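Below: the structure, in structure tokens.
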Amino acid sequence: MRALFLLLRFVVVAWAVVSALLLYSLTQRYKSSRACPYSWRWMLDNLPRRVVQPVRSTVDSFHIDKGHTVLELGPGPGYFSVEVARRLGPEGRLVCVDIQPEMIGTLRRRLLREGVTNALPMVGDALGLPLADRSVDCAFLVTVLGEVPDRPKALAELRRVLKPGGILSITETLPDPDYQFPDVVRDLCRASGFRLLEHHRRLLGFTMNFAVGEGAPTP
Ligand SMILES: C[S@@+](CC[C@H](N)C(=O)[O-])C[C@H]1O[C@@H](n2cnc3c(N)ncnc32)[C@H](O)[C@@H]1O
């Protein structure tokens with residue numbers, strides 16, 4: 001019992017430290033680019049995150065089906081990429097697009113280390129995705145939307161590359177300094193022609209899944 005209490009206390013303190021560092025990074029970030037700096041990549045994979053946002057249970061809500069082609073926008077160093085690529089199986093394909101070449105380099109090494117062969121890491125921008133129209137079954141992004149300067153344009157790009165009936169999955173988690181509130185995500189996606197299918201609430205965030213709507217985006 002005492003050991004459990006100590007572990008919980010450690011997790012809470014560690015999470016508070018991570019939050020403080022993230023807030024510090026926020027103040028630094030706006031001096032330069034908006035994307036999460038490469039030097040802060042360790043914030044994206046650590047014990048407190050594994051407790052607060054476990055990989056497997058989070059990925060369970062993304063609609064990852066064997067044999068599908070999936071886009072991961074803004075994978076960073078790949079906290080979710082290995083698990084998603086494995087779930088897709090040898091017939092499936094994971095395309096990872098990140099604006100920072102250093103993140104893609106780290107992700108590439110991680111995939112190699114883990115023996116993942118069905119993932120394709122690419123440097124690219126959410127505002128002009130390097131993918132063909134209607135080419136992916138599912139696109140997911142975790143704590144990325146708030147870093148993109150023109151969110152409606154990014155959502156229009158995601159809509160363009162998704163197949164009819166495709167799924168867009170957006171996850172936001174505190175204490176991300178660019179955290180997007182559920183209402184904001186829902187309204188932005190609706191205006192971009194997506195229909196809300198599911199809203200998974202979590203302790204420090206949420207996942208919303210959307211389907212590509214039939215009609216044109218709302219102006
Ligand atoms: C906070 S990190 C999240 C990384 C990963 N999704 C995770 O949850 O561990 C945000 C990532 O999005 C990427 N990113 C930011 N703006 C982007 C854009 N316009 N196009 C593509 N990637 C972008 C950043 O380079 C960074 O790797």
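Residue numbering restarts at 1 for every chain of the structure tokens, chains are lettered A, B, ... in their displayed order, and ligands are numbered from 1 as they appear.
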Might you pull out every residue within 12 Å of Gln100 of chain A, with only C-alpha atoms counted and same-chain residues fewer than 4 positions away left off, and present them as a list of chain:residue names? A:Ser33, A:Arg34, A:Ala35, A:Cys36, A:Pro37, A:Tyr38, A:Ser39, A:Arg41, A:Leu73, A:Gly74, A:Pro75, A:Gly76, A:Pro77, A:Cys96, A:Ile104, A:Gly105, A:Thr106, A:Leu107, A:Pro121, A:Met122, A:Val123, A:Gly124, A:Asp125, A:Ala126
Counting only C-alpha atoms, what is within 10 Å of segment 186-194 of chain A, bar same-chain residues fewer than 3 positions away, as a PyMOL selection string? chain A and resi 151-159+167-168+170+180-183+197+199+208-219
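In this comparison, which uses only C-alpha atoms, the residue of A:Glu72, A:Glu91, A:Ser169, A:Glu114 approaching Leu129 of chain A most closely is A:Glu72.
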Using only C-alpha atoms and all ligand atoms, which of the listed residues (A:Ser61, A:Asn46, A:Thr69, A:Asn118) sits closest to ligand 1? A:Asn46
I'd like the neighbourhood of Thr173 of chain A as a PyMOL selection string, where a residue qualifies if any of its atoms comes within 8 Å (using only C-alpha atoms), though same-chain residues fewer than 2 positions away should be ignored. chain A and resi 142-143+171+175-176+179+204-206
Using only C-alpha atoms and all ligand atoms, which residue out of A:Met103, A:Leu174, A:Leu71, A:Ala85 lies closest to ligand 1?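 Under the stated criterion, the closest residue is A:Met103.
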Among segment 112-210 of chain A, which residues carry a DSSP assignment of strand (DSSP E or B), reported as a PyMOL selection string? chain A and resi 119-123+125+128+136-142+162-173+194-202+205-210
Between atom CA of Arg86 of chain A and atom CA of His63 of chain A, what is the distance, to one decimal in Å? 13.6 Å
So which bits of segment 110-139 of chain A end up helix (DSSP H, G or I) when you DSSP the backbone, as a VMD selection string? chain A and resid 110 to 113
Could you write out that same residue set with all heavy atoms as a compact mmCIF listing (two decimals), in the first residue's frame?
# COMPACT_ATOMS: atom_id res chain seq x y z
N ARG A 110 14.08 4.76 -34.87
CA ARG A 110 13.25 3.97 -33.95
C ARG A 110 12.56 2.82 -34.68
O ARG A 110 12.52 1.68 -34.20
CB ARG A 110 12.19 4.89 -33.33
CG ARG A 110 11.34 4.22 -32.30
CD ARG A 110 10.35 5.20 -31.70
NE ARG A 110 9.89 4.75 -30.41
CZ ARG A 110 9.40 5.55 -29.48
NH1 ARG A 110 9.32 6.83 -29.68
NH2 ARG A 110 8.98 5.06 -28.34
N LEU A 111 12.03 3.11 -35.86
CA LEU A 111 11.33 2.08 -36.64
C LEU A 111 12.29 0.96 -37.03
O LEU A 111 11.96 -0.22 -36.98
CB LEU A 111 10.69 2.70 -37.89
CG LEU A 111 9.55 3.70 -37.63
CD1 LEU A 111 9.20 4.45 -38.90
CD2 LEU A 111 8.32 2.99 -37.07
N LEU A 112 13.50 1.37 -37.39
CA LEU A 112 14.54 0.41 -37.78
C LEU A 112 14.88 -0.50 -36.59
O LEU A 112 14.93 -1.73 -36.71
CB LEU A 112 15.77 1.20 -38.22
CG LEU A 112 16.71 0.54 -39.22
CD1 LEU A 112 15.99 0.30 -40.54
CD2 LEU A 112 17.94 1.43 -39.45
N ARG A 113 15.08 0.15 -35.42
CA ARG A 113 15.42 -0.58 -34.20
C ARG A 113 14.34 -1.59 -33.83
O ARG A 113 14.62 -2.68 -33.38
CB ARG A 113 15.55 0.45 -33.07
CG ARG A 113 16.70 0.24 -32.17
CD ARG A 113 16.91 1.34 -31.15
NE ARG A 113 15.75 2.04 -30.67
CZ ARG A 113 15.54 3.35 -30.83
NH1 ARG A 113 16.41 4.08 -31.50
NH2 ARG A 113 14.47 3.93 -30.33
Hey, can you check how far atom CA of Val84 of chain A sits from atom CA of Pro177 of chain A? 25.0 Å
